[in-house]
>>> print(open('run.cif').read())   # mmCIF, C-alpha atoms
data_model
loop_
_atom_site.group_PDB
_atom_site.id
_atom_site.type_symbol
_atom_site.label_atom_id
_atom_site.label_comp_id
_atom_site.auth_asym_id
_atom_site.auth_seq_id
_atom_site.Cartn_x
_atom_site.Cartn_y
_atom_site.Cartn_z
ATOM 1 C CA MET M 254 -0.497 41.351 4.897
ATOM 2 C CA GLU M 255 -0.512 38.127 6.892
ATOM 3 C CA LYS M 256 0.017 34.599 5.727
ATOM 4 C CA LYS M 257 -0.308 31.267 7.467
ATOM 5 C CA VAL M 258 3.086 30.082 8.612
ATOM 6 C CA ASN M 259 3.993 26.785 10.141
ATOM 7 C CA VAL M 260 5.880 28.405 12.985
ATOM 8 C CA LEU M 261 6.384 25.062 14.686
ATOM 9 C CA SER M 262 7.935 23.417 11.640
ATOM 10 C CA ASN M 263 10.220 26.376 11.042
ATOM 11 C CA ALA M 264 11.305 26.398 14.681
ATOM 12 C CA VAL M 265 11.986 22.669 14.813
ATOM 13 C CA THR M 266 13.879 22.764 11.524
ATOM 14 C CA LYS M 267 16.077 25.683 12.555
ATOM 15 C CA ALA M 268 16.677 24.196 15.992
ATOM 16 C CA VAL M 269 17.724 20.823 14.622
ATOM 17 C CA VAL M 270 19.898 22.236 11.857
ATOM 18 C CA ASP M 271 21.654 24.740 14.141
ATOM 19 C CA SER M 272 22.162 22.220 16.938
ATOM 20 C CA LEU M 273 23.477 19.332 14.886
ATOM 21 C CA GLU M 274 25.694 21.492 12.735
ATOM 22 C CA ASN M 275 27.251 23.190 15.745
ATOM 23 C CA MET M 276 27.399 20.216 18.082
ATOM 24 C CA VAL M 277 28.565 17.485 15.748
ATOM 25 C CA PHE M 278 29.358 19.334 12.507
ATOM 26 C CA MET M 279 26.870 17.258 10.588
ATOM 27 C CA ALA M 280 24.736 18.625 7.768
ATOM 28 C CA VAL M 281 21.024 18.116 8.319
ATOM 29 C CA VAL M 282 18.254 18.432 5.776
ATOM 30 C CA PRO M 283 14.526 18.118 6.252
ATOM 31 C CA MET M 284 13.413 14.770 4.938
ATOM 32 C CA ARG M 285 10.485 14.619 2.578
ATOM 33 C CA LEU M 286 8.289 11.654 3.322
ATOM 34 C CA ILE M 287 5.803 9.778 1.260
ATOM 35 C CA TRP M 288 3.321 8.028 3.490
ATOM 36 C CA GLY M 289 0.399 5.689 3.412
ATOM 37 C CA LYS M 290 -2.252 5.346 6.084
ATOM 38 C CA VAL M 291 -5.033 2.874 6.691
ATOM 39 C CA GLN M 292 -7.787 3.204 9.229
ATOM 40 C CA ILE M 293 -8.352 0.200 11.414
ATOM 41 C CA LEU M 294 -12.116 -0.268 11.418
ATOM 42 C CA SER M 295 -12.686 -3.420 13.441
ATOM 43 C CA PRO M 296 -12.443 -5.038 15.898
ATOM 44 C CA TYR M 297 -10.256 -2.176 17.112
ATOM 45 C CA ARG M 298 -10.208 1.482 16.137
ATOM 46 C CA GLY M 299 -7.060 3.281 15.116
ATOM 47 C CA ALA M 300 -4.742 3.866 12.219
ATOM 48 C CA ILE M 301 -1.471 2.536 10.902
ATOM 49 C CA THR M 302 0.787 4.833 8.945
ATOM 50 C CA VAL M 303 3.818 3.765 6.987
ATOM 51 C CA ALA M 304 6.224 6.500 5.925
ATOM 52 C CA PHE M 305 9.142 6.306 3.560
ATOM 53 C CA PRO M 306 11.825 8.808 2.632
ATOM 54 C CA GLU M 307 11.040 10.089 -0.844
ATOM 55 C CA LYS M 308 14.267 8.765 -2.340
ATOM 56 C CA LEU M 309 13.606 5.311 -0.936
ATOM 57 C CA VAL M 310 10.183 5.221 -2.572
ATOM 58 C CA TYR M 311 11.713 6.091 -5.929
ATOM 59 C CA SER M 312 14.231 3.326 -5.450
ATOM 60 C CA ILE M 313 11.644 0.748 -4.379
ATOM 61 C CA THR M 314 9.252 1.686 -7.163
ATOM 62 C CA GLY M 315 11.999 1.539 -9.743
ATOM 63 C CA GLU M 316 13.035 -1.855 -8.458
ATOM 64 C CA ILE M 317 9.487 -3.233 -8.546
ATOM 65 C CA HIS M 318 8.636 -1.937 -11.979
ATOM 66 C CA ALA M 319 12.138 -2.222 -13.450
ATOM 67 C CA GLN M 320 12.200 1.368 -14.641
ATOM 68 C CA ASP M 321 13.656 4.723 -13.661
ATOM 69 C CA VAL M 322 11.181 6.837 -11.758
ATOM 70 C CA ASN M 323 11.097 10.493 -10.819
ATOM 71 C CA SER M 324 8.551 12.671 -9.138
ATOM 72 C CA GLU M 325 7.352 14.423 -12.251
ATOM 73 C CA THR M 326 6.522 11.462 -14.413
ATOM 74 C CA ASN M 327 5.788 8.625 -12.049
ATOM 75 C CA LYS M 328 3.924 10.114 -9.121
ATOM 76 C CA ALA M 329 0.927 7.823 -9.606
ATOM 77 C CA LEU M 330 3.214 4.828 -9.758
ATOM 78 C CA PHE M 331 5.121 5.477 -6.585
ATOM 79 C CA MET M 332 2.014 6.541 -4.688
ATOM 80 C CA ASP M 333 0.495 3.217 -5.722
ATOM 81 C CA THR M 334 3.616 1.465 -4.434
ATOM 82 C CA VAL M 335 3.291 3.160 -1.063
ATOM 83 C CA ALA M 336 -0.438 2.416 -0.931
ATOM 84 C CA GLU M 337 0.090 -1.254 -1.632
ATOM 85 C CA MET M 338 2.910 -1.575 0.890
ATOM 86 C CA THR M 339 0.850 0.207 3.518
ATOM 87 C CA ASN M 340 -2.148 -2.001 2.862
ATOM 88 C CA THR M 341 -0.012 -5.127 3.093
ATOM 89 C CA ILE M 342 1.880 -4.081 6.230
ATOM 90 C CA ALA M 343 -1.277 -3.014 8.040
ATOM 91 C CA GLY M 344 -2.986 -6.269 7.139
ATOM 92 C CA ARG M 345 -0.018 -8.215 8.441
ATOM 93 C CA VAL M 346 0.031 -6.276 11.710
ATOM 94 C CA MET M 347 -3.639 -6.977 12.232
ATOM 95 C CA SER M 348 -3.270 -10.643 11.357
ATOM 96 C CA MET M 349 -0.762 -10.968 14.175
ATOM 97 C CA ILE M 350 -2.678 -9.144 16.891
ATOM 98 C CA VAL M 351 -6.250 -10.203 16.167
ATOM 99 C CA PRO M 352 -7.184 -13.751 17.244
ATOM 100 C CA GLU M 353 -7.121 -16.153 14.327
ATOM 101 C CA ASP M 354 -10.818 -16.913 14.413
ATOM 102 C CA GLU M 355 -11.824 -13.270 14.489
ATOM 103 C CA GLU M 356 -12.447 -10.938 11.613
ATOM 104 C CA TYR M 357 -10.684 -7.641 11.150
ATOM 105 C CA GLU M 358 -11.311 -4.848 8.722
ATOM 106 C CA ILE M 359 -9.062 -2.090 7.458
ATOM 107 C CA SER M 360 -9.807 0.811 5.165
ATOM 108 C CA LEU M 361 -8.407 1.492 1.766
ATOM 109 C CA PRO M 362 -5.058 3.226 2.079
ATOM 110 C CA LYS M 363 -4.706 6.968 1.800
ATOM 111 C CA THR M 364 -1.391 8.362 0.634
ATOM 112 C CA GLY M 365 0.313 11.708 0.852
ATOM 113 C CA MET M 366 3.578 13.585 0.652
ATOM 114 C CA GLY M 367 5.180 15.713 3.309
ATOM 115 C CA ASP M 368 3.648 16.039 6.735
ATOM 116 C CA ILE M 369 1.782 12.963 7.871
ATOM 117 C CA GLU M 370 -1.845 13.519 8.799
ATOM 118 C CA TYR M 371 -2.428 12.304 12.307
ATOM 119 C CA GLU M 372 -5.862 11.517 13.695
ATOM 120 C CA ASP M 373 -4.598 12.442 17.111
ATOM 121 C CA SER M 374 -3.969 16.127 16.687
ATOM 122 C CA SER M 375 -1.704 16.252 19.742
ATOM 123 C CA CYS M 376 1.200 14.632 17.920
ATOM 124 C CA TYR M 377 3.494 16.057 15.243
ATOM 125 C CA ILE M 378 6.641 14.432 13.938
ATOM 126 C CA GLN M 379 9.207 16.100 11.725
ATOM 127 C CA HIS M 380 11.845 14.060 9.962
ATOM 128 C CA PHE M 381 15.375 14.908 8.937
ATOM 129 C CA GLU M 382 18.129 13.206 7.078
ATOM 130 C CA ILE M 383 21.639 13.035 8.458
ATOM 131 C CA GLU M 384 24.260 11.187 6.480
ATOM 132 C CA GLY M 385 21.636 9.024 4.837
ATOM 133 C CA SER M 386 19.868 8.123 8.078
ATOM 134 C CA MET M 387 16.533 9.335 9.349
ATOM 135 C CA TYR M 388 16.293 11.484 12.444
ATOM 136 C CA ALA M 389 12.943 12.464 13.922
ATOM 137 C CA VAL M 390 11.633 15.064 16.314
ATOM 138 C CA MET M 391 8.200 14.510 17.880
ATOM 139 C CA VAL M 392 6.149 17.294 19.365
ATOM 140 C CA GLU M 393 3.121 16.557 21.518
ATOM 141 C CA GLY M 394 0.429 18.698 23.066
ATOM 142 C CA SER M 395 -2.314 20.725 21.440
ATOM 143 C CA ASP M 396 -0.840 24.011 22.721
ATOM 144 C CA LEU M 397 2.371 23.417 20.824
ATOM 145 C CA LEU M 398 0.588 21.969 17.827
ATOM 146 C CA ALA M 399 -1.337 25.227 17.497
ATOM 147 C CA PHE M 400 1.889 26.809 16.277
ATOM 148 C CA ARG M 401 1.510 24.869 13.067
ATOM 149 C CA HIS M 402 -1.076 27.307 11.838
ATOM 150 C CA LYS M 403 -0.201 30.805 12.953
ATOM 151 C CA ASN M 404 -1.083 33.972 11.113
ATOM 152 C CA LEU M 405 2.013 36.127 10.969
ATOM 153 C CA PRO M 406 3.114 39.140 8.935
ATOM 154 C CA GLU M 407 4.758 37.959 5.761
ATOM 155 C CA THR M 408 8.480 37.455 6.225
ATOM 156 C CA PRO M 409 11.024 35.520 4.171
ATOM 157 C CA PRO M 410 10.987 31.842 5.203
ATOM 158 C CA PRO M 411 14.032 30.426 6.976
ATOM 159 C CA THR M 412 16.589 29.114 4.495
ATOM 160 C CA ALA M 413 16.527 25.661 6.067
ATOM 161 C CA ASP M 414 12.845 25.088 5.220
ATOM 162 C CA PRO M 415 12.656 24.199 1.503
ATOM 163 C CA TRP M 416 8.891 23.873 1.535
ATOM 164 C CA GLY M 417 8.337 27.333 3.067
ATOM 165 C CA ALA M 418 5.103 26.341 4.845
ATOM 166 C CA MET Q 97 -0.904 -23.489 -17.932
ATOM 167 C CA ASN Q 98 -1.141 -21.012 -20.792
ATOM 168 C CA LYS Q 99 -3.047 -17.972 -19.670
ATOM 169 C CA ILE Q 100 -3.516 -16.264 -16.304
ATOM 170 C CA LEU Q 101 -5.815 -13.383 -15.446
ATOM 171 C CA VAL Q 102 -4.686 -11.077 -12.638
ATOM 172 C CA ALA Q 103 -7.284 -8.715 -11.188
ATOM 173 C CA ASP Q 104 -6.136 -5.984 -8.791
ATOM 174 C CA ASP Q 105 -6.616 -2.233 -8.787
ATOM 175 C CA SER Q 106 -2.999 -1.752 -7.685
ATOM 176 C CA GLY Q 107 -0.381 -1.823 -10.421
ATOM 177 C CA THR Q 108 2.205 -2.604 -7.774
ATOM 178 C CA ALA Q 109 0.274 -5.629 -6.563
ATOM 179 C CA ARG Q 110 -0.174 -6.901 -10.116
ATOM 180 C CA MET Q 111 3.571 -6.509 -10.643
ATOM 181 C CA PHE Q 112 4.301 -8.481 -7.464
ATOM 182 C CA THR Q 113 2.048 -11.270 -8.693
ATOM 183 C CA ARG Q 114 3.654 -11.258 -12.111
ATOM 184 C CA ARG Q 115 7.123 -11.440 -10.564
ATOM 185 C CA CYS Q 116 6.122 -14.362 -8.357
ATOM 186 C CA LEU Q 117 4.863 -16.199 -11.415
ATOM 187 C CA GLU Q 118 8.145 -15.545 -13.199
ATOM 188 C CA VAL Q 119 10.142 -16.815 -10.217
ATOM 189 C CA LEU Q 120 8.051 -19.976 -10.243
ATOM 190 C CA GLY Q 121 8.912 -20.545 -13.876
ATOM 191 C CA TYR Q 122 5.767 -19.252 -15.535
ATOM 192 C CA LYS Q 123 7.776 -16.989 -17.855
ATOM 193 C CA ASP Q 124 6.092 -18.139 -21.046
ATOM 194 C CA VAL Q 125 2.581 -17.950 -19.683
ATOM 195 C CA GLU Q 126 0.493 -15.066 -20.962
ATOM 196 C CA VAL Q 127 -0.576 -12.840 -18.081
ATOM 197 C CA VAL Q 128 -3.499 -10.482 -18.616
ATOM 198 C CA GLU Q 129 -4.054 -7.715 -16.069
ATOM 199 C CA VAL Q 130 -7.277 -5.951 -15.175
ATOM 200 C CA THR Q 131 -8.099 -3.461 -12.448
ATOM 201 C CA ASN Q 132 -11.582 -4.516 -11.382
ATOM 202 C CA GLY Q 133 -14.053 -7.357 -11.331
ATOM 203 C CA VAL Q 134 -16.140 -6.060 -14.230
ATOM 204 C CA ASP Q 135 -13.148 -6.032 -16.565
ATOM 205 C CA ALA Q 136 -12.131 -9.431 -15.231
ATOM 206 C CA LEU Q 137 -15.495 -10.894 -16.217
ATOM 207 C CA SER Q 138 -15.244 -9.261 -19.631
ATOM 208 C CA GLU Q 139 -11.869 -10.884 -20.205
ATOM 209 C CA LEU Q 140 -13.068 -14.240 -18.925
ATOM 210 C CA ASN Q 141 -15.945 -14.125 -21.408
ATOM 211 C CA ARG Q 142 -13.679 -12.979 -24.187
ATOM 212 C CA GLN Q 143 -10.886 -15.527 -23.938
ATOM 213 C CA SER Q 144 -10.023 -18.719 -22.152
ATOM 214 C CA PHE Q 145 -7.940 -18.624 -18.950
ATOM 215 C CA ASP Q 146 -6.476 -21.368 -16.810
ATOM 216 C CA LEU Q 147 -6.150 -19.349 -13.616
ATOM 217 C CA LEU Q 148 -7.666 -16.246 -12.047
ATOM 218 C CA ILE Q 149 -5.706 -14.455 -9.324
ATOM 219 C CA THR Q 150 -7.784 -11.717 -7.784
ATOM 220 C CA ASP Q 151 -7.639 -9.151 -5.024
ATOM 221 C CA ILE Q 152 -10.686 -8.708 -2.829
ATOM 222 C CA THR Q 153 -11.042 -4.943 -2.687
ATOM 223 C CA MET Q 154 -11.511 -3.500 -6.157
ATOM 224 C CA PRO Q 155 -13.749 -0.846 -7.659
ATOM 225 C CA LEU Q 156 -16.872 -1.632 -9.693
ATOM 226 C CA MET Q 157 -16.912 -5.295 -8.656
ATOM 227 C CA ASP Q 158 -14.905 -6.703 -5.786
ATOM 228 C CA GLY Q 159 -13.151 -10.027 -5.648
ATOM 229 C CA MET Q 160 -15.843 -11.799 -3.652
ATOM 230 C CA GLU Q 161 -18.535 -10.903 -6.155
ATOM 231 C CA LEU Q 162 -16.236 -11.851 -9.008
ATOM 232 C CA VAL Q 163 -15.559 -15.272 -7.493
ATOM 233 C CA LYS Q 164 -19.249 -15.904 -6.826
ATOM 234 C CA THR Q 165 -20.186 -14.854 -10.344
ATOM 235 C CA VAL Q 166 -17.537 -17.060 -11.909
ATOM 236 C CA ALA Q 167 -18.442 -19.981 -9.667
ATOM 237 C CA GLY Q 168 -22.056 -19.696 -10.775
ATOM 238 C CA GLU Q 169 -21.304 -20.153 -14.473
ATOM 239 C CA ALA Q 170 -20.702 -23.607 -15.866
ATOM 240 C CA GLN Q 171 -18.446 -22.277 -18.631
ATOM 241 C CA PHE Q 172 -15.835 -21.417 -15.995
ATOM 242 C CA LYS Q 173 -15.937 -24.776 -14.243
ATOM 243 C CA GLN Q 174 -12.329 -25.588 -15.075
ATOM 244 C CA LEU Q 175 -10.981 -22.190 -14.076
ATOM 245 C CA LYS Q 176 -8.725 -22.279 -11.014
ATOM 246 C CA MET Q 177 -9.036 -19.323 -8.682
ATOM 247 C CA ILE Q 178 -6.740 -17.755 -6.111
ATOM 248 C CA VAL Q 179 -7.700 -14.796 -3.932
ATOM 249 C CA VAL Q 180 -5.027 -12.479 -2.518
ATOM 250 C CA SER Q 181 -6.141 -10.473 0.496
ATOM 251 C CA SER Q 182 -4.748 -8.134 3.136
ATOM 252 C CA ALA Q 183 -7.715 -8.417 5.528
ATOM 253 C CA GLY Q 184 -8.589 -11.379 7.685
ATOM 254 C CA ASN Q 185 -12.102 -12.675 7.562
ATOM 255 C CA PRO Q 186 -12.606 -16.295 8.634
ATOM 256 C CA ALA Q 187 -16.224 -16.347 7.442
ATOM 257 C CA ARG Q 188 -15.244 -15.080 4.028
ATOM 258 C CA GLU Q 189 -12.382 -17.539 3.838
ATOM 259 C CA ARG Q 190 -14.740 -20.402 4.629
ATOM 260 C CA GLU Q 191 -17.079 -19.246 1.904
ATOM 261 C CA LEU Q 192 -14.242 -19.003 -0.601
ATOM 262 C CA ALA Q 193 -13.068 -22.468 0.355
ATOM 263 C CA GLU Q 194 -16.500 -23.811 -0.575
ATOM 264 C CA TYR Q 195 -15.879 -22.544 -4.076
ATOM 265 C CA GLY Q 196 -12.536 -24.328 -4.133
ATOM 266 C CA VAL Q 197 -10.686 -21.014 -4.076
ATOM 267 C CA GLN Q 198 -7.239 -20.803 -2.557
ATOM 268 C CA ILE Q 199 -6.502 -17.785 -0.384
ATOM 269 C CA ILE Q 200 -3.161 -16.044 -0.054
ATOM 270 C CA ALA Q 201 -2.562 -13.452 2.646
ATOM 271 C CA LYS Q 202 -0.571 -10.474 1.448
ATOM 272 C CA PRO Q 203 2.300 -10.073 0.893
ATOM 273 C CA ILE Q 204 2.222 -12.550 -1.938
ATOM 274 C CA SER Q 205 5.403 -14.572 -2.358
ATOM 275 C CA PRO Q 206 6.580 -17.310 -4.708
ATOM 276 C CA ALA Q 207 6.316 -19.830 -1.873
ATOM 277 C CA LYS Q 208 2.733 -18.885 -1.020
ATOM 278 C CA LEU Q 209 1.721 -18.820 -4.671
ATOM 279 C CA SER Q 210 3.341 -22.161 -5.310
ATOM 280 C CA LYS Q 211 1.464 -23.700 -2.401
ATOM 281 C CA ALA Q 212 -1.815 -22.282 -3.647
ATOM 282 C CA LEU Q 213 -1.176 -23.506 -7.178
ATOM 283 C CA GLN Q 214 -0.388 -26.987 -5.919
ATOM 284 C CA ALA Q 215 -3.556 -26.997 -3.828
ATOM 285 C CA ASN Q 216 -5.512 -25.883 -6.877
ATOM 286 C CA GLN Q 217 -4.130 -28.729 -8.941
ATOM 287 C CA GLN Q 218 -5.641 -31.145 -6.488
ATOM 288 C CA THR Q 219 -9.133 -29.830 -7.177
ATOM 289 C CA ASP Q 220 -11.115 -30.302 -10.331
ATOM 290 C CA GLY Q 221 -12.043 -26.757 -11.337
ATOM 291 C CA TRP Q 222 -13.868 -24.895 -8.586
ATOM 292 C CA GLY Q 223 -15.928 -26.577 -5.936
ATOM 293 C CA GLY Q 224 -13.658 -29.586 -5.752
#
>>> encode(input="run.cif", output="structure tokens")
Amino acid sequence: MEKKVNVLSNAVTKAVVDSLENMVFMAVVPMRLIWGKVQILSPYRGAITVAFPEKLVYSITGEIHAQDVNSETNKALFMDTVAEMTNTIAGRVMSMIVPEDEEYEISLPKTGMGDIEYEDSSCYIQHFEIEGSMYAVMVEGSDLLAFRHKNLPETPPPTADPWGA
Amino acid sequence: MNKILVADDSGTARMFTRRCLEVLGYKDVEVVEVTNGVDALSELNRQSFDLLITDITMPLMDGMELVKTVAGEAQFKQLKMIVVSSAGNPARERELAEYGVQIIAKPISPAKLSKALQANQQTDGWGG
């Protein structure tokens, strides 16, 4: 029986973990992101995505709403936090690049957890955490990106991939 | 000022606004929160407010329609209005200015809110 496996994600994760642990003896873990994205509708076309480490979103949300938050009970709350921050940041970016007397329009924000959805399918970024800091690996090119969705015989996922894509 | 109505579909944004009001010393003011323009109008018809702070993009009725509706009713003549927006639209801002509405670009801050409140105090209800 076959299942869809994110071969690319598994390969990047194993490569980063093995390399950093052996080269600099640092523990590396995949970083779970919570992201918000707005489409830029006019006068330019594009998208702005803002991504936060999951733990940072909990911290920010707890700070804003003066309460403890966790993924099980407050998902709507911290997704709303990310949406609002994304909307605000994107609006600010546009206000600084669009001439003052011109109108600009952005979409409502979309939010998600885990892999960021990119409009440009030739780009994939995977994030890791090393000693509290973010470390990213970017992969470009549709040939390589195709390895995100490979049908392979079922095998146990690598131990370094907690989401077992 | 005794009662403020905050209209925004984002709970985070409403919290930011509430915090700015607290920083500015409006701790004892009653703040009522709604998530859309329809509920905002319901509250405005139900009880008396001194100030409306509204987002533009909201479900059911957006901020522009809310402002226009409020501006068209004599019973709300003394209501001060502030719009908080993330998108830039000079034409819309000119239109809002005609209604005597102050506009704050996100992110809202105590300084921006204070400036808008002071500007509002210099007008007599909406429309100057």
>>> resolve_selection(input="run.cif", expression="the PyMOL selection byres ((chain Q) within 8 of (chain M))", output="tab-separated table (two decimals) with C-alpha atoms, in the coordinates of the input")
chain	number	residue	atom	x	y	z
Q	106	SER	CA	-3.00	-1.75	-7.68
Q	107	GLY	CA	-0.38	-1.82	-10.42
Q	108	THR	CA	2.20	-2.60	-7.77
Q	109	ALA	CA	0.27	-5.63	-6.56
Q	111	MET	CA	3.57	-6.51	-10.64
Q	112	PHE	CA	4.30	-8.48	-7.46
Q	182	SER	CA	-4.75	-8.13	3.14
Q	183	ALA	CA	-7.72	-8.42	5.53
Q	184	GLY	CA	-8.59	-11.38	7.68
Q	185	ASN	CA	-12.10	-12.68	7.56
Q	186	PRO	CA	-12.61	-16.30	8.63
Q	187	ALA	CA	-16.22	-16.35	7.44
Q	202	LYS	CA	-0.57	-10.47	1.45
Q	203	PRO	CA	2.30	-10.07	0.89
>>> residues_around(input="run.cif", residues="Q:Val179", least_positions_apart="5", cutoff="8 Å", atoms="only C-alpha atoms", output="MDAnalysis selection string")
chainID Q and resid 149:152 159 197:200
>>> atom_distance(input="run.cif", atom1="atom CA of M:Ala280", atom2="atom CA of M:Ile383")
6.4 Å
>>> closest_residue(input="run.cif", among="Q:Glu126, Q:Asp105, Q:Glu118, Q:Glu194", to="Q:Lys164", atoms="only C-alpha atoms")
Q:Glu194
>>> atom_distance(input="run.cif", atom1="atom CA of Q:Pro155", atom2="atom CA of Q:Glu191")
21.0 Å
>>> closest_residue(input="run.cif", among="Q:Leu148, Q:Val128, Q:Leu120, Q:Ala167", to="Q:Ser210", atoms="only C-alpha atoms")
Q:Leu120
>>> closest_residue(input="run.cif", among="M:Pro362, M:Val291, M:Pro283, M:Gly299", to="M:Ala268", atoms="only C-alpha atoms")
M:Pro283
>>> resolve_selection(input="run.cif", expression="the PyMOL selection byres ((chain Q and resi 116) around 8)", output="PyMOL selection string")
chain Q and resi 112-115+117-120+204-206+209
>>> write_last_selection(input="run.cif", atoms="C-alpha atoms", output="mmCIF file, in the coordinates of the input")
data_model
loop_
_atom_site.group_PDB
_atom_site.id
_atom_site.type_symbol
_atom_site.label_atom_id
_atom_site.label_comp_id
_atom_site.auth_asym_id
_atom_site.auth_seq_id
_atom_site.Cartn_x
_atom_site.Cartn_y
_atom_site.Cartn_z
ATOM 1 C CA PHE Q 112 4.301 -8.481 -7.464
ATOM 2 C CA THR Q 113 2.048 -11.270 -8.693
ATOM 3 C CA ARG Q 114 3.654 -11.258 -12.111
ATOM 4 C CA ARG Q 115 7.123 -11.440 -10.564
ATOM 5 C CA LEU Q 117 4.863 -16.199 -11.415
ATOM 6 C CA GLU Q 118 8.145 -15.545 -13.199
ATOM 7 C CA VAL Q 119 10.142 -16.815 -10.217
ATOM 8 C CA LEU Q 120 8.051 -19.976 -10.243
ATOM 9 C CA ILE Q 204 2.222 -12.550 -1.938
ATOM 10 C CA SER Q 205 5.403 -14.572 -2.358
ATOM 11 C CA PRO Q 206 6.580 -17.310 -4.708
ATOM 12 C CA LEU Q 209 1.721 -18.820 -4.671
#
>>> residues_around(input="run.cif", residues="M:Gly367", least_positions_apart="6", cutoff="9 Å", atoms="all atoms listed in the file", output="PDB file with C-alpha atoms, in the coordinates of the input")
ATOM      1  CA  MET M 284      13.413  14.770   4.938  1.00  0.00           C
ATOM      2  CA  ARG M 285      10.485  14.619   2.578  1.00  0.00           C
ATOM      3  CA  LEU M 286       8.289  11.654   3.322  1.00  0.00           C
ATOM      4  CA  ILE M 287       5.803   9.778   1.260  1.00  0.00           C
ATOM      5  CA  TRP M 288       3.321   8.028   3.490  1.00  0.00           C
TER       6      TRP M 288
END
>>> resolve_selection(input="run.cif", expression="the PyMOL selection byres ((chain Q and resi 138-146) around 10)", output="PyMOL selection string")
chain Q and resi 97-101+126-130+133-137+147-148+166+171-172+174-177+221
>>> closest_residue(input="run.cif", among="M:Ala304, M:Ile350, M:Leu309, M:Ala389", to="M:Ile369", atoms="all atoms listed in the file")
M:Ala304
>>> atom_distance(input="run.cif", atom1="atom CA of Q:Thr131", atom2="atom CA of Q:Leu156")
9.4 Å
>>> residues_around(input="run.cif", residues="M:Val269", least_positions_apart="3", cutoff="12 Å", atoms="all atoms listed in the file", output="number ranges by chain")
M: 262-266, 272-283, 379-383, 388-391, 413-414
>>> axis_aligned_box(input="run.cif", around="stretch 343-359 of chain M", padding_each_side="3 Å", output="lines of an AutoDock Vina configuration file")
center_x = -6.2
center_y = -9.5
center_z = 12.2
size_x = 18.5
size_y = 20.8
size_z = 16.1
>>> closest_residue(input="run.cif", among="M:Ser395, M:Thr302, M:Ser312, M:Ser295", to="M:Gly365", atoms="all atoms listed in the file")
M:Thr302
>>> build_atoms(input="run.cif", residues="stretch 139-149 of chain Q", atoms="N, CA, C and O atoms", output="PDB file, keeping the file's coordinate frame")
ATOM      1  N   GLU Q 139     -12.981 -10.110 -19.653  1.00  0.00           N
ATOM      2  CA  GLU Q 139     -11.869 -10.884 -20.205  1.00  0.00           C
ATOM      3  C   GLU Q 139     -12.156 -12.379 -20.150  1.00  0.00           C
ATOM      4  O   GLU Q 139     -11.837 -13.116 -21.091  1.00  0.00           O
ATOM      5  N   LEU Q 140     -12.757 -12.817 -19.062  1.00  0.00           N
ATOM      6  CA  LEU Q 140     -13.068 -14.240 -18.925  1.00  0.00           C
ATOM      7  C   LEU Q 140     -14.064 -14.682 -19.993  1.00  0.00           C
ATOM      8  O   LEU Q 140     -14.014 -15.815 -20.490  1.00  0.00           O
ATOM      9  N   ASN Q 141     -14.968 -13.796 -20.375  1.00  0.00           N
ATOM     10  CA  ASN Q 141     -15.945 -14.125 -21.408  1.00  0.00           C
ATOM     11  C   ASN Q 141     -15.350 -14.006 -22.808  1.00  0.00           C
ATOM     12  O   ASN Q 141     -15.859 -14.597 -23.761  1.00  0.00           O
ATOM     13  N   ARG Q 142     -14.273 -13.250 -22.867  1.00  0.00           N
ATOM     14  CA  ARG Q 142     -13.679 -12.979 -24.187  1.00  0.00           C
ATOM     15  C   ARG Q 142     -12.672 -14.037 -24.601  1.00  0.00           C
ATOM     16  O   ARG Q 142     -12.524 -14.353 -25.780  1.00  0.00           O
ATOM     17  N   GLN Q 143     -11.911 -14.542 -23.607  1.00  0.00           N
ATOM     18  CA  GLN Q 143     -10.886 -15.527 -23.938  1.00  0.00           C
ATOM     19  C   GLN Q 143     -10.776 -16.533 -22.801  1.00  0.00           C
ATOM     20  O   GLN Q 143     -11.295 -16.329 -21.718  1.00  0.00           O
ATOM     21  N   SER Q 144     -10.093 -17.610 -23.101  1.00  0.00           N
ATOM     22  CA  SER Q 144     -10.023 -18.719 -22.152  1.00  0.00           C
ATOM     23  C   SER Q 144      -8.803 -18.592 -21.251  1.00  0.00           C
ATOM     24  O   SER Q 144      -7.698 -18.378 -21.726  1.00  0.00           O
ATOM     25  N   PHE Q 145      -9.029 -18.700 -19.927  1.00  0.00           N
ATOM     26  CA  PHE Q 145      -7.940 -18.624 -18.950  1.00  0.00           C
ATOM     27  C   PHE Q 145      -7.859 -19.916 -18.163  1.00  0.00           C
ATOM     28  O   PHE Q 145      -8.857 -20.625 -17.987  1.00  0.00           O
ATOM     29  N   ASP Q 146      -6.667 -20.201 -17.665  1.00  0.00           N
ATOM     30  CA  ASP Q 146      -6.476 -21.368 -16.810  1.00  0.00           C
ATOM     31  C   ASP Q 146      -6.582 -20.994 -15.342  1.00  0.00           C
ATOM     32  O   ASP Q 146      -6.938 -21.820 -14.504  1.00  0.00           O
ATOM     33  N   LEU Q 147      -6.225 -19.754 -15.014  1.00  0.00           N
ATOM     34  CA  LEU Q 147      -6.150 -19.349 -13.616  1.00  0.00           C
ATOM     35  C   LEU Q 147      -6.572 -17.886 -13.471  1.00  0.00           C
ATOM     36  O   LEU Q 147      -6.213 -17.041 -14.306  1.00  0.00           O
ATOM     37  N   LEU Q 148      -7.318 -17.616 -12.434  1.00  0.00           N
ATOM     38  CA  LEU Q 148      -7.666 -16.246 -12.047  1.00  0.00           C
ATOM     39  C   LEU Q 148      -7.040 -15.977 -10.691  1.00  0.00           C
ATOM     40  O   LEU Q 148      -7.252 -16.736  -9.742  1.00  0.00           O
ATOM     41  N   ILE Q 149      -6.237 -14.916 -10.614  1.00  0.00           N
ATOM     42  CA  ILE Q 149      -5.706 -14.455  -9.324  1.00  0.00           C
ATOM     43  C   ILE Q 149      -6.316 -13.090  -9.080  1.00  0.00           C
ATOM     44  O   ILE Q 149      -6.109 -12.169  -9.865  1.00  0.00           O
TER      45      ILE Q 149
END
